[in-house]
Every structure is written in C-alpha cells, then in structure tokens.
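File shown here: structure_18.cif, holding mmCIF, C-alpha atoms and all ligand atoms; chains and numbers go by the auth columns.
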```cif
data_entry
#
loop_
_atom_site.group_PDB
_atom_site.id
_atom_site.type_symbol
_atom_site.label_atom_id
_atom_site.label_comp_id
_atom_site.label_asym_id
_atom_site.label_seq_id
_atom_site.Cartn_x
_atom_site.Cartn_y
_atom_site.Cartn_z
_atom_site.B_iso_or_equiv
_atom_site.auth_seq_id
_atom_site.auth_asym_id
ATOM 1 C CA MET A 1 24.059 -37.627 -102.971 0.00 1 A
ATOM 2 C CA ARG A 2 20.835 -38.588 -104.711 0.00 2 A
ATOM 3 C CA PRO A 3 21.470 -40.574 -107.862 0.00 3 A
ATOM 4 C CA GLU A 4 19.827 -39.883 -111.168 0.00 4 A
ATOM 5 C CA LEU A 5 17.345 -42.621 -112.166 0.00 5 A
ATOM 6 C CA TYR A 6 16.507 -43.841 -115.631 0.00 6 A
ATOM 7 C CA VAL A 7 13.891 -46.517 -116.293 0.00 7 A
ATOM 8 C CA ALA A 8 13.581 -48.078 -119.738 0.00 8 A
ATOM 9 C CA GLU A 9 13.830 -51.299 -121.685 0.00 9 A
ATOM 10 C CA ILE A 10 17.188 -53.032 -121.461 0.00 10 A
ATOM 11 C CA ASP A 11 18.352 -51.969 -124.940 0.00 11 A
ATOM 12 C CA ALA A 12 17.677 -48.322 -124.115 0.00 12 A
ATOM 13 C CA LEU A 13 19.444 -48.678 -120.768 0.00 13 A
ATOM 14 C CA VAL A 14 22.515 -50.042 -122.506 0.00 14 A
ATOM 15 C CA GLU A 15 22.423 -47.161 -125.025 0.00 15 A
ATOM 16 C CA ARG A 16 22.209 -44.697 -122.174 0.00 16 A
ATOM 17 C CA LEU A 17 25.135 -46.423 -120.461 0.00 17 A
ATOM 18 C CA ALA A 18 27.169 -46.260 -123.657 0.00 18 A
ATOM 19 C CA ARG A 19 26.504 -42.506 -123.998 0.00 19 A
ATOM 20 C CA ASP A 20 27.361 -41.902 -120.372 0.00 20 A
ATOM 21 C CA LEU A 21 30.568 -43.918 -120.526 0.00 21 A
ATOM 22 C CA SER A 22 31.615 -42.091 -123.707 0.00 22 A
ATOM 23 C CA ALA A 23 31.048 -38.720 -122.041 0.00 23 A
ATOM 24 C CA GLU A 24 33.062 -39.723 -118.977 0.00 24 A
ATOM 25 C CA TYR A 25 35.806 -41.075 -121.224 0.00 25 A
ATOM 26 C CA ALA A 26 35.979 -37.723 -123.033 0.00 26 A
ATOM 27 C CA ARG A 27 36.114 -35.841 -119.755 0.00 27 A
ATOM 28 C CA ALA A 28 38.898 -38.023 -118.336 0.00 28 A
ATOM 29 C CA ILE A 29 40.954 -37.998 -121.525 0.00 29 A
ATOM 30 C CA ALA A 30 40.714 -34.199 -121.709 0.00 30 A
ATOM 31 C CA GLU A 31 41.800 -33.884 -118.081 0.00 31 A
ATOM 32 C CA ARG A 32 44.489 -36.562 -117.747 0.00 32 A
ATOM 33 C CA GLY A 33 44.871 -38.392 -121.045 0.00 33 A
ATOM 34 C CA VAL A 34 43.686 -41.722 -119.610 0.00 34 A
ATOM 35 C CA PHE A 35 40.389 -43.281 -118.550 0.00 35 A
ATOM 36 C CA ALA A 36 40.098 -45.836 -115.714 0.00 36 A
ATOM 37 C CA LEU A 37 37.024 -47.972 -115.268 0.00 37 A
ATOM 38 C CA ALA A 38 35.991 -50.933 -113.111 0.00 38 A
ATOM 39 C CA LEU A 39 33.689 -53.673 -114.370 0.00 39 A
ATOM 40 C CA PRO A 40 31.237 -56.142 -112.820 0.00 40 A
ATOM 41 C CA GLY A 41 30.225 -59.608 -113.959 0.00 41 A
ATOM 42 C CA GLY A 42 26.732 -61.099 -114.080 0.00 42 A
ATOM 43 C CA SER A 43 23.804 -59.857 -116.139 0.00 43 A
ATOM 44 C CA VAL A 44 25.249 -56.372 -116.591 0.00 44 A
ATOM 45 C CA ALA A 45 28.277 -57.819 -118.344 0.00 45 A
ATOM 46 C CA ALA A 46 26.105 -60.023 -120.534 0.00 46 A
ATOM 47 C CA HIS A 47 23.821 -57.203 -121.674 0.00 47 A
ATOM 48 C CA ALA A 48 26.169 -54.243 -121.803 0.00 48 A
ATOM 49 C CA PHE A 49 29.629 -55.416 -122.817 0.00 49 A
ATOM 50 C CA PRO A 50 28.819 -56.386 -126.432 0.00 50 A
ATOM 51 C CA VAL A 51 27.567 -52.836 -127.040 0.00 51 A
ATOM 52 C CA LEU A 52 30.355 -51.104 -125.129 0.00 52 A
ATOM 53 C CA ALA A 53 32.871 -53.108 -127.168 0.00 53 A
ATOM 54 C CA THR A 54 31.684 -51.302 -130.307 0.00 54 A
ATOM 55 C CA LEU A 55 32.328 -47.780 -128.979 0.00 55 A
ATOM 56 C CA PRO A 56 34.908 -45.829 -130.982 0.00 56 A
ATOM 57 C CA LEU A 57 37.187 -45.152 -128.007 0.00 57 A
ATOM 58 C CA ASP A 58 40.955 -45.514 -127.699 0.00 58 A
ATOM 59 C CA TRP A 59 41.311 -48.658 -125.583 0.00 59 A
ATOM 60 C CA GLY A 60 45.050 -48.058 -125.357 0.00 60 A
ATOM 61 C CA ARG A 61 44.255 -45.058 -123.136 0.00 61 A
ATOM 62 C CA THR A 62 41.706 -46.979 -121.085 0.00 62 A
ATOM 63 C CA HIS A 63 42.575 -48.945 -117.939 0.00 63 A
ATOM 64 C CA PHE A 64 40.239 -51.858 -117.281 0.00 64 A
ATOM 65 C CA PHE A 65 39.860 -52.950 -113.665 0.00 65 A
ATOM 66 C CA TRP A 66 37.216 -55.126 -112.002 0.00 66 A
ATOM 67 C CA VAL A 67 34.892 -54.293 -109.114 0.00 67 A
ATOM 68 C CA ASP A 68 35.092 -57.913 -108.031 0.00 68 A
ATOM 69 C CA GLU A 69 36.218 -61.343 -109.116 0.00 69 A
ATOM 70 C CA ARG A 70 35.268 -64.853 -108.179 0.00 70 A
ATOM 71 C CA ALA A 71 37.929 -67.323 -106.985 0.00 71 A
ATOM 72 C CA VAL A 72 37.839 -69.410 -110.141 0.00 72 A
ATOM 73 C CA PRO A 73 40.368 -69.869 -112.962 0.00 73 A
ATOM 74 C CA ALA A 74 40.457 -67.070 -115.519 0.00 74 A
ATOM 75 C CA SER A 75 39.206 -69.554 -118.104 0.00 75 A
ATOM 76 C CA ASP A 76 36.138 -70.542 -116.042 0.00 76 A
ATOM 77 C CA SER A 77 32.744 -69.433 -117.354 0.00 77 A
ATOM 78 C CA GLU A 78 32.038 -68.022 -113.848 0.00 78 A
ATOM 79 C CA SER A 79 35.035 -65.686 -114.089 0.00 79 A
ATOM 80 C CA ASN A 80 34.155 -62.000 -114.431 0.00 80 A
ATOM 81 C CA TYR A 81 37.374 -61.532 -116.375 0.00 81 A
ATOM 82 C CA ALA A 82 36.353 -64.309 -118.785 0.00 82 A
ATOM 83 C CA ALA A 83 33.022 -62.570 -119.404 0.00 83 A
ATOM 84 C CA ALA A 84 34.764 -59.298 -120.204 0.00 84 A
ATOM 85 C CA ARG A 85 37.377 -60.985 -122.379 0.00 85 A
ATOM 86 C CA THR A 86 34.719 -62.780 -124.413 0.00 86 A
ATOM 87 C CA LEU A 87 32.261 -59.909 -124.739 0.00 87 A
ATOM 88 C CA TRP A 88 34.450 -56.802 -124.794 0.00 88 A
ATOM 89 C CA LEU A 89 38.233 -57.086 -124.523 0.00 89 A
ATOM 90 C CA GLY A 90 38.555 -59.692 -127.272 0.00 90 A
ATOM 91 C CA PRO A 91 36.099 -58.250 -129.810 0.00 91 A
ATOM 92 C CA ALA A 92 37.412 -54.696 -129.277 0.00 92 A
ATOM 93 C CA ARG A 93 41.061 -55.839 -129.400 0.00 93 A
ATOM 94 C CA VAL A 94 41.900 -54.125 -126.159 0.00 94 A
ATOM 95 C CA PRO A 95 45.692 -54.177 -125.679 0.00 95 A
ATOM 96 C CA ALA A 96 46.961 -56.369 -122.834 0.00 96 A
ATOM 97 C CA THR A 97 48.670 -53.360 -121.226 0.00 97 A
ATOM 98 C CA SER A 98 45.232 -51.840 -120.622 0.00 98 A
ATOM 99 C CA VAL A 99 43.846 -54.855 -118.765 0.00 99 A
ATOM 100 C CA HIS A 100 44.318 -55.191 -114.994 0.00 100 A
ATOM 101 C CA ARG A 101 42.767 -58.551 -114.171 0.00 101 A
ATOM 102 C CA MET A 102 41.819 -59.195 -110.553 0.00 102 A
ATOM 103 C CA PRO A 103 43.905 -62.259 -109.607 0.00 103 A
ATOM 104 C CA ALA A 104 41.372 -64.208 -107.536 0.00 104 A
ATOM 105 C CA ASP A 105 42.437 -67.596 -108.907 0.00 105 A
ATOM 106 C CA GLY A 106 45.604 -68.074 -106.809 0.00 106 A
ATOM 107 C CA PRO A 107 45.983 -69.956 -103.514 0.00 107 A
ATOM 108 C CA ASP A 108 46.291 -66.836 -101.338 0.00 108 A
ATOM 109 C CA LEU A 109 43.363 -64.430 -101.733 0.00 109 A
ATOM 110 C CA ALA A 110 44.618 -62.067 -99.040 0.00 110 A
ATOM 111 C CA ALA A 111 47.959 -61.657 -100.820 0.00 111 A
ATOM 112 C CA ALA A 112 46.113 -61.176 -104.115 0.00 112 A
ATOM 113 C CA ALA A 113 44.077 -58.368 -102.535 0.00 113 A
ATOM 114 C CA VAL A 114 47.279 -56.604 -101.478 0.00 114 A
ATOM 115 C CA ALA A 115 48.772 -57.060 -104.948 0.00 115 A
ATOM 116 C CA TYR A 116 45.660 -55.602 -106.601 0.00 116 A
ATOM 117 C CA SER A 117 45.674 -52.633 -104.189 0.00 117 A
ATOM 118 C CA GLN A 118 49.243 -51.953 -105.268 0.00 118 A
ATOM 119 C CA GLU A 119 48.226 -52.191 -108.917 0.00 119 A
ATOM 120 C CA LEU A 120 45.409 -49.680 -108.333 0.00 120 A
ATOM 121 C CA THR A 121 47.799 -47.269 -106.684 0.00 121 A
ATOM 122 C CA ARG A 122 50.452 -47.771 -109.372 0.00 122 A
ATOM 123 C CA ILE A 123 48.020 -46.795 -112.125 0.00 123 A
ATOM 124 C CA LEU A 124 45.691 -44.351 -110.351 0.00 124 A
ATOM 125 C CA GLY A 125 47.937 -42.855 -107.677 0.00 125 A
ATOM 126 C CA ALA A 126 46.587 -42.024 -104.248 0.00 126 A
ATOM 127 C CA PRO A 127 43.744 -41.670 -103.553 0.00 127 A
ATOM 128 C CA ALA A 128 42.844 -44.392 -106.087 0.00 128 A
ATOM 129 C CA ARG A 129 40.030 -42.674 -107.947 0.00 129 A
ATOM 130 C CA MET A 130 38.332 -44.463 -110.841 0.00 130 A
ATOM 131 C CA ASP A 131 36.756 -42.407 -113.602 0.00 131 A
ATOM 132 C CA PHE A 132 33.891 -44.868 -113.990 0.00 132 A
ATOM 133 C CA VAL A 133 32.535 -47.684 -111.844 0.00 133 A
ATOM 134 C CA LEU A 134 29.861 -49.975 -113.274 0.00 134 A
ATOM 135 C CA LEU A 135 27.906 -52.129 -110.830 0.00 135 A
ATOM 136 C CA GLY A 136 25.246 -54.819 -110.891 0.00 136 A
ATOM 137 C CA VAL A 137 23.035 -55.486 -107.880 0.00 137 A
ATOM 138 C CA GLY A 138 22.157 -58.750 -106.168 0.00 138 A
ATOM 139 C CA GLN A 139 18.680 -59.614 -104.919 0.00 139 A
ATOM 140 C CA ASP A 140 20.046 -59.110 -101.406 0.00 140 A
ATOM 141 C CA GLY A 141 21.327 -55.624 -102.231 0.00 141 A
ATOM 142 C CA HIS A 142 24.991 -56.568 -102.644 0.00 142 A
ATOM 143 C CA VAL A 143 27.236 -54.671 -105.044 0.00 143 A
ATOM 144 C CA ALA A 144 30.612 -55.956 -106.259 0.00 144 A
ATOM 145 C CA SER A 145 31.293 -58.619 -103.584 0.00 145 A
ATOM 146 C CA LEU A 146 30.211 -56.387 -100.713 0.00 146 A
ATOM 147 C CA PHE A 147 27.396 -58.389 -99.138 0.00 147 A
ATOM 148 C CA PRO A 148 24.944 -57.127 -96.488 0.00 148 A
ATOM 149 C CA GLY A 149 26.503 -57.424 -93.051 0.00 149 A
ATOM 150 C CA GLY A 150 29.814 -58.720 -94.441 0.00 150 A
ATOM 151 C CA ALA A 151 33.110 -57.619 -92.896 0.00 151 A
ATOM 152 C CA ALA A 152 34.340 -56.310 -96.263 0.00 152 A
ATOM 153 C CA LEU A 153 31.661 -53.620 -96.141 0.00 153 A
ATOM 154 C CA ALA A 154 33.409 -51.812 -93.305 0.00 154 A
ATOM 155 C CA ASP A 155 36.961 -52.324 -94.573 0.00 155 A
ATOM 156 C CA ALA A 156 38.976 -49.201 -95.316 0.00 156 A
ATOM 157 C CA ARG A 157 41.583 -50.915 -97.515 0.00 157 A
ATOM 158 C CA LEU A 158 41.239 -50.633 -101.295 0.00 158 A
ATOM 159 C CA VAL A 159 40.763 -54.317 -102.080 0.00 159 A
ATOM 160 C CA VAL A 160 39.844 -57.191 -99.772 0.00 160 A
ATOM 161 C CA ALA A 161 39.395 -60.941 -99.910 0.00 161 A
ATOM 162 C CA VAL A 162 35.967 -62.367 -99.125 0.00 162 A
ATOM 163 C CA GLY A 163 35.856 -65.963 -97.903 0.00 163 A
ATOM 164 C CA ASP A 164 32.187 -66.365 -97.084 0.00 164 A
ATOM 165 C CA ALA A 165 30.182 -64.806 -99.913 0.00 165 A
ATOM 166 C CA PRO A 166 26.572 -66.012 -99.734 0.00 166 A
ATOM 167 C CA LYS A 167 26.423 -66.075 -103.546 0.00 167 A
ATOM 168 C CA PRO A 168 28.683 -68.848 -104.913 0.00 168 A
ATOM 169 C CA PRO A 169 31.539 -69.082 -105.236 0.00 169 A
ATOM 170 C CA SER A 170 32.196 -68.119 -101.618 0.00 170 A
ATOM 171 C CA GLY A 171 35.761 -66.955 -102.322 0.00 171 A
ATOM 172 C CA ARG A 172 36.110 -63.577 -104.008 0.00 172 A
ATOM 173 C CA LEU A 173 38.121 -60.391 -104.257 0.00 173 A
ATOM 174 C CA THR A 174 36.333 -57.074 -104.167 0.00 174 A
ATOM 175 C CA LEU A 175 36.981 -53.365 -104.305 0.00 175 A
ATOM 176 C CA THR A 176 35.778 -51.756 -101.098 0.00 176 A
ATOM 177 C CA LEU A 177 33.159 -49.098 -100.500 0.00 177 A
ATOM 178 C CA PRO A 178 35.650 -46.187 -100.365 0.00 178 A
ATOM 179 C CA VAL A 179 37.051 -47.060 -103.807 0.00 179 A
ATOM 180 C CA LEU A 180 33.647 -47.645 -105.397 0.00 180 A
ATOM 181 C CA ALA A 181 32.047 -44.538 -103.935 0.00 181 A
ATOM 182 C CA GLN A 182 34.862 -42.115 -104.688 0.00 182 A
ATOM 183 C CA ALA A 183 34.755 -42.829 -108.427 0.00 183 A
ATOM 184 C CA ALA A 184 34.037 -39.788 -110.578 0.00 184 A
ATOM 185 C CA ARG A 185 30.961 -41.610 -111.935 0.00 185 A
ATOM 186 C CA VAL A 186 29.107 -44.581 -110.402 0.00 186 A
ATOM 187 C CA VAL A 187 26.561 -46.347 -112.610 0.00 187 A
ATOM 188 C CA VAL A 188 24.343 -49.120 -111.261 0.00 188 A
ATOM 189 C CA MET A 189 22.283 -51.361 -113.552 0.00 189 A
ATOM 190 C CA ALA A 190 19.563 -53.771 -112.461 0.00 190 A
ATOM 191 C CA PHE A 191 17.162 -55.928 -114.418 0.00 191 A
ATOM 192 C CA GLY A 192 14.137 -57.904 -113.277 0.00 192 A
ATOM 193 C CA GLN A 193 11.510 -57.839 -110.577 0.00 193 A
ATOM 194 C CA SER A 194 13.626 -59.935 -108.213 0.00 194 A
ATOM 195 C CA LYS A 195 15.688 -56.760 -107.621 0.00 195 A
ATOM 196 C CA ALA A 196 12.680 -54.439 -107.093 0.00 196 A
ATOM 197 C CA ALA A 197 12.609 -54.655 -103.298 0.00 197 A
ATOM 198 C CA VAL A 198 16.271 -53.775 -102.742 0.00 198 A
ATOM 199 C CA ILE A 199 16.144 -51.032 -105.377 0.00 199 A
ATOM 200 C CA TRP A 200 13.172 -49.513 -103.581 0.00 200 A
ATOM 201 C CA GLU A 201 14.876 -49.742 -100.201 0.00 201 A
ATOM 202 C CA ALA A 202 18.191 -48.309 -101.377 0.00 202 A
ATOM 203 C CA ILE A 203 16.539 -45.350 -103.077 0.00 203 A
ATOM 204 C CA GLU A 204 13.654 -44.548 -100.779 0.00 204 A
ATOM 205 C CA ARG A 205 15.014 -45.325 -97.300 0.00 205 A
ATOM 206 C CA VAL A 206 17.622 -42.876 -96.099 0.00 206 A
ATOM 207 C CA ASP A 207 18.615 -45.221 -93.287 0.00 207 A
ATOM 208 C CA SER A 208 19.131 -48.315 -95.435 0.00 208 A
ATOM 209 C CA THR A 209 22.345 -50.185 -94.697 0.00 209 A
ATOM 210 C CA LEU A 210 22.253 -52.251 -97.881 0.00 210 A
ATOM 211 C CA PRO A 211 25.589 -52.132 -99.723 0.00 211 A
ATOM 212 C CA LEU A 212 23.749 -50.627 -102.709 0.00 212 A
ATOM 213 C CA ALA A 213 22.323 -47.870 -100.518 0.00 213 A
ATOM 214 C CA LEU A 214 25.715 -47.115 -98.956 0.00 214 A
ATOM 215 C CA VAL A 215 27.496 -46.756 -102.284 0.00 215 A
ATOM 216 C CA LEU A 216 24.725 -44.586 -103.755 0.00 216 A
ATOM 217 C CA ARG A 217 24.596 -42.291 -100.734 0.00 217 A
ATOM 218 C CA ARG A 218 28.353 -41.751 -100.825 0.00 218 A
ATOM 219 C CA ALA A 219 28.754 -41.405 -104.594 0.00 219 A
ATOM 220 C CA GLN A 220 29.060 -37.825 -105.833 0.00 220 A
ATOM 221 C CA ARG A 221 27.587 -38.535 -109.267 0.00 221 A
ATOM 222 C CA GLY A 222 25.471 -41.677 -109.324 0.00 222 A
ATOM 223 C CA LEU A 223 23.245 -42.993 -112.097 0.00 223 A
ATOM 224 C CA VAL A 224 20.825 -45.917 -111.664 0.00 224 A
ATOM 225 C CA LEU A 225 19.603 -47.676 -114.802 0.00 225 A
ATOM 226 C CA LEU A 226 16.573 -49.930 -114.256 0.00 226 A
ATOM 227 C CA ASP A 227 14.276 -51.988 -116.402 0.00 227 A
ATOM 228 C CA ASP A 228 10.561 -51.981 -115.563 0.00 228 A
ATOM 229 C CA GLY A 229 10.902 -55.073 -113.389 0.00 229 A
ATOM 230 C CA ALA A 230 13.663 -53.643 -111.215 0.00 230 A
ATOM 231 C CA ALA A 231 11.768 -50.327 -110.969 0.00 231 A
ATOM 232 C CA ALA A 232 8.445 -52.032 -110.197 0.00 232 A
ATOM 233 C CA SER A 233 8.243 -50.827 -106.590 0.00 233 A
ATOM 234 C CA LEU A 234 9.088 -47.226 -107.468 0.00 234 A
ATOM 235 C CA ALA A 235 6.592 -44.650 -108.747 0.00 235 A
ATOM 236 C CA ARG A 236 6.016 -44.662 -112.497 0.00 236 A
ATOM 237 C CA GLY A 237 7.691 -42.191 -114.836 0.00 237 A
ATOM 238 C CA GLY A 238 10.593 -41.782 -117.226 0.00 238 A
ATOM 239 C CA GLU A 239 13.754 -40.063 -116.164 0.00 239 A
ATOM 240 C CA ARG A 240 13.822 -38.625 -112.680 0.00 240 A
ATOM 241 C CA THR A 241 15.898 -37.841 -109.678 0.00 241 A
ATOM 242 C CA ALA A 242 15.690 -40.262 -106.791 0.00 242 A
ATOM 243 C CA GLY A 243 13.850 -38.873 -103.829 0.00 243 A
ATOM 244 C CA LEU A 244 11.293 -36.986 -105.921 0.00 244 A
ATOM 245 C CA ARG A 245 9.247 -40.115 -106.395 0.00 245 A
ATOM 246 C CA GLN A 246 7.004 -41.915 -103.941 0.00 246 A
ATOM 247 C CA PRO A 247 6.597 -45.651 -103.459 0.00 247 A
ATOM 248 C CA LYS A 248 3.363 -47.051 -104.978 0.00 248 A
ATOM 249 C CA ASN A 249 1.763 -47.916 -101.654 0.00 249 A
HETATM 250 C C1 LIG B . 29.657 -60.914 -109.343 0.00 1 B
HETATM 251 C C2 LIG B . 29.219 -59.535 -109.722 0.00 1 B
HETATM 252 C C3 LIG B . 28.130 -59.147 -108.765 0.00 1 B
HETATM 253 C C4 LIG B . 26.905 -58.959 -109.616 0.00 1 B
HETATM 254 C C5 LIG B . 25.660 -59.126 -108.819 0.00 1 B
HETATM 255 C C6 LIG B . 24.427 -59.102 -109.697 0.00 1 B
HETATM 256 O O1 LIG B . 30.805 -61.210 -109.461 0.00 1 B
HETATM 257 O O2 LIG B . 28.812 -61.716 -108.929 0.00 1 B
HETATM 258 O O3 LIG B . 30.111 -58.591 -110.024 0.00 1 B
HETATM 259 O O4 LIG B . 28.349 -58.108 -107.911 0.00 1 B
HETATM 260 O O5 LIG B . 26.939 -57.714 -110.235 0.00 1 B
HETATM 261 O O6 LIG B . 25.716 -60.365 -108.148 0.00 1 B
HETATM 262 O O7 LIG B . 24.508 -60.143 -110.597 0.00 1 B
HETATM 263 P P1 LIG B . 23.397 -60.301 -111.702 0.00 1 B
HETATM 264 O O8 LIG B . 23.350 -58.992 -112.443 0.00 1 B
HETATM 265 O O9 LIG B . 23.836 -61.436 -112.572 0.00 1 B
HETATM 266 O O10 LIG B . 22.114 -60.580 -110.954 0.00 1 B
#
```

I need this file expressed as structure tokens, please.
Ligand code: 6PG
Amino acid sequence: MRPELYVAEIDALVERLARDLSAEYARAIAERGVFALALPGGSVAAHAFPVLATLPLDWGRTHFFWVDERAVPASDSESNYAAARTLWLGPARVPATSVHRMPADGPDLAAAAVAYSQELTRILGAPARMDFVLLGVGQDGHVASLFPGGAALADARLVVAVGDAPKPPSGRLTLTLPVLAQAARVVVMAFGQSKAAVIWEAIERVDSTLPLALVLRRAQRGLVLLDDGAAASLARGGERTAGLRQPKN
C-alpha cells in the first residue's frame, strides 16, 4: 500500500504523531479495551517521547513493546528501553505491568528472541498484531534492526536475534518484517538530509529491497513523517500521498 506522507518541521511532525497515536489508541480501546504499541530508539525516541508522555491516555490499558533493542544493559545510555524509561515511561508513570522490555542484555540472544515471541503471543494472541508501530530509519534504509541484506529480513518468526548489525552494537533483538508490517498502523519518522536518499528510494522505486521499502509496501495503513532534510529528494509540497509526487530530477 502507498503510505501517506507528511513533511513539516520536527515539532509539527511530533504533533501529528501525537494526534495519530491518540486516534489509534481510541480505536483500539473501543474495539478491544487495550492498545499495543512498539517503540524504536534513536532520534525518534529523543524527539517524540517527551511529547507522547504528556498525552492524556490510560497507560494501564497500553502495552509497550519495542521494535528492537541493542545488546546492552537496560541501564546503558544506548539501550532503547532506557531512552523510553527516561523520556516517557518514567515521566508518564506508566505501570510496570504495561511494559514489555525486550531482553537483549542476557547471554543468549536467541533464547531471548524466543522468550519475547512468547510474550508477544501471550499479550496479543495469534497472529501477533500491534495496534501501532513507530519506526526510525537508518541512512542505509534499515528499520528496527532489519538491515539491508541481513538474514533477519527474510525470517518468518516474530522476533529474531541479530549478531552482525552494521550499526553498533552488533548484537540486537528485532521484531521481524511480518510483525512490523501487519500492525494496524505503521508510522515512520525520519529527520535530516542524510536520510533523503533512502527515503526517496523507498517511496519512489517500486522494486526497492530496502527494509524501509519492504515494510511500507506491506503495511496496510502507513504514515511517513519527514522533516525538510529527509524529504529533500522528493518533490516539494505539504501533505500528500506517496506515488503522486515526482523526484526533483
Ligand atoms: C535502534 C533503532 C533503529 C533506529 C534507526 C535510526 O535501535 O538503533 O531502533 O532502528 O530507529 O537506526 O536511528 P536514528 O533515528 O537515531 O538515526
């Protein structure tokens, strides 16, 4: 499916994200009484989480998962969980029962992947369908810890260990493409010109095999939030649908 695109300054992108997340929360609560979301780390966490933490939502009915986690202690500043705890879970006083941390800090990543798959199934049932997946994008087009050409990209399990991530640290856990793409809502955020080339490729080239392109093509309801730098290779405009725009040259 073609994702919706929105290009604006970062503050406006975060506001749009907050509105979108609130709407998806309302939909999920009305349907099932709970809301399940999966979070990234990196710049998206830094910019968005402080604002999302202020939303007037019932965190006791919200299940927090992660799209990926780095193999570092939960207290490490590189930990995606630590970022969320500092910027969202702590300030918003999210109850511990709502938080499903990805356990990538143990000695056996493969066993941790199995344990997290079981946790997904325990909370979400089967198929494990998130209400909301939030993703950042790497300069190489990776999403979560699904890197271009990596074995994890073709894995049909729910969660897998990655031992050779090109972005440090090399050890990670990640949700797989089927789990990310089957979410009721998939929102991708990217900031800065260093991401412009992969954003252009993922949106404009129907045959792109970038992880970003694969998740956007499979997602039923995708939204891509870009600052001017990340959108620099796309045609100018405000809010549009991908595919209606042309590259600049
Ligand atoms: C991680 C993230 C990862 C991130 C991208 C983009 O653990 O590294 O979840 O997938 O979203 O690498 O990171 P930046 O937004 O910081 O460039």

>> If the PyMOL selection byres (((not hetatm)) within 6 of (chain B and resi 1)) were run on this exact file, what residues would it hold? Put them as a ChimeraX atom specification.
In response: /A:40-44,68-70,135-138,143-145

Would you save the residues from that selection as a short mmCIF file (atom, residue, chain, number, x, y, z; two decimals), in the frame of the given file, using C-alpha atoms?
```
data_model
loop_
_atom_site.label_atom_id
_atom_site.label_comp_id
_atom_site.auth_asym_id
_atom_site.auth_seq_id
_atom_site.Cartn_x
_atom_site.Cartn_y
_atom_site.Cartn_z
CA PRO A 40 31.24 -56.14 -112.82
CA GLY A 41 30.22 -59.61 -113.96
CA GLY A 42 26.73 -61.10 -114.08
CA SER A 43 23.80 -59.86 -116.14
CA VAL A 44 25.25 -56.37 -116.59
CA ASP A 68 35.09 -57.91 -108.03
CA GLU A 69 36.22 -61.34 -109.12
CA ARG A 70 35.27 -64.85 -108.18
CA LEU A 135 27.91 -52.13 -110.83
CA GLY A 136 25.25 -54.82 -110.89
CA VAL A 137 23.04 -55.49 -107.88
CA GLY A 138 22.16 -58.75 -106.17
CA VAL A 143 27.24 -54.67 -105.04
CA ALA A 144 30.61 -55.96 -106.26
CA SER A 145 31.29 -58.62 -103.58
#
```

>> List as a list in words the protein and nucleic acid residues near A:Ala46, meaning an atom at most 10 Å away when all atoms listed in the file are counted, but skip any in the same chain fewer than 3 places from it.
In response: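 Surrounding residues, per the criterion: Gly41, Gly42, Ser43, Phe49, Pro50, Val51, Ala83, Ala84, Thr86, Leu87 and Trp88 of chain A.
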
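With only C-alpha atoms as the atoms that count, the residue of A:Val187, A:Ala151, A:Phe65, A:Asp131 with the shortest distance to A:Glu31 is A:Asp131.
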
> Of the candidates A:Pro169, A:Ala12, A:Ala110, A:Tyr116, which shows the shortest atom-to-atom distance to A:Pro73, using only C-alpha atoms?
Replying inline: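 Of A:Pro169, A:Ala12, A:Ala110, A:Tyr116, the one nearest A:Pro73 is A:Pro169, counting only C-alpha atoms.
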
> Can you tell me, as a ChimeraX atom specification, what residues are no more than 7 Å from A:Gln139 when counting all atoms listed in the file, ignoring any on the same chain fewer than 2 positions away?
Replying inline: /A:137,141,194-195,198

> atom CA of A:Ser170 and atom CA of A:Glu78, how far apart in Å?
Replying inline: 12.2 Å

>> Which residues, named as in the file, does the PyMOL selection byres (((chain A and resi 95) around 12) and not hetatm) pick out? Answer as an MDAnalysis selection string.
In response: chainID A and resid 58:64 85 88:94 96:100

> Using all atoms listed in the file, which of the listed residues (A:Ala165, A:Ala104, A:Leu124, A:Val186) sits closest to A:Arg32?
Replying inline: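 Of A:Ala165, A:Ala104, A:Leu124, A:Val186, the one nearest A:Arg32 is A:Leu124, counting all atoms listed in the file.
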
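Excluding A:Ile203 and any residue on its chain fewer than 4 positions from it, the residues at most 9 Å away by all atoms listed in the file are Arg2, Pro3, Val198, Ile199, Ser208, Leu212, Ala213, Leu216, Arg217, Leu234, Ala242 and Gly243 of chain A.
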
Based on the selection just made, write C-alpha atoms of those residues as a PDB file, keeping the file's coordinate frame.
```
ATOM      1  CA  ARG A   2      20.835 -38.588-104.711  1.00  0.00           C
ATOM      2  CA  PRO A   3      21.470 -40.574-107.862  1.00  0.00           C
ATOM      3  CA  VAL A 198      16.271 -53.775-102.742  1.00  0.00           C
ATOM      4  CA  ILE A 199      16.144 -51.032-105.377  1.00  0.00           C
ATOM      5  CA  SER A 208      19.131 -48.315 -95.435  1.00  0.00           C
ATOM      6  CA  LEU A 212      23.749 -50.627-102.709  1.00  0.00           C
ATOM      7  CA  ALA A 213      22.323 -47.870-100.518  1.00  0.00           C
ATOM      8  CA  LEU A 216      24.725 -44.586-103.755  1.00  0.00           C
ATOM      9  CA  ARG A 217      24.596 -42.291-100.734  1.00  0.00           C
ATOM     10  CA  LEU A 234       9.088 -47.226-107.468  1.00  0.00           C
ATOM     11  CA  ALA A 242      15.690 -40.262-106.791  1.00  0.00           C
ATOM     12  CA  GLY A 243      13.850 -38.873-103.829  1.00  0.00           C
TER      13      GLY A 243
END
```

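Picture a line from atom CA of A:Ser22 to atom CA of A:Ala219; it runs 19.3 Å.
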
>> What's the separation between atom CA of A:Pro56 and atom CA of A:Val133, in Å to one decimal place?
In response: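 Taking atom CA of A:Pro56 as the start and atom CA of A:Val133 as the end point, the length is 19.4 Å.
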
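Non-sequential neighbours of A:Val224 (distance at most 7 Å, separation of 5 or more positions within a chain, all atoms listed in the file) are Pro3, Glu4, Leu5, Tyr6, Val187, Val188 and Met189 of chain A.
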
> What do you get, as a list in words, if you spell out every residue that the PyMOL selection byres (((chain A and resi 105) around 7) and not hetatm) selects here?
Replying inline: Ala71, Val72, Pro73, Ala74, Pro103, Ala104, Gly106 and Pro107 of chain A

> Skipping near chain neighbours, those fewer than 4 positions away, what residues fall within 7 Å of A:Gly229 using all atoms listed in the file, listed as JSON, numbers by chain?
Replying inline: {"A": [191, 192, 193, 196]}

>> Calculated over only C-alpha atoms, which of the candidates A:Ala126, A:Ala28, A:Val14, A:Ala8 has the smallest distance to A:His47?
In response: A:Val14

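Of the residues listed (A:Asp227, A:Ile29, A:Ala18, A:Leu37), A:Leu37 shows the shortest atom-to-atom separation from A:Ile123; distances use all atoms listed in the file.
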
>> Taking all atoms listed in the file into account, name the residue in A:Val7, A:Ala232, A:Ala30, A:Leu210 that is nearest to A:Asp140.
In response: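 Looking only at the distances to A:Asp140, the closest residue turns out to be A:Leu210.
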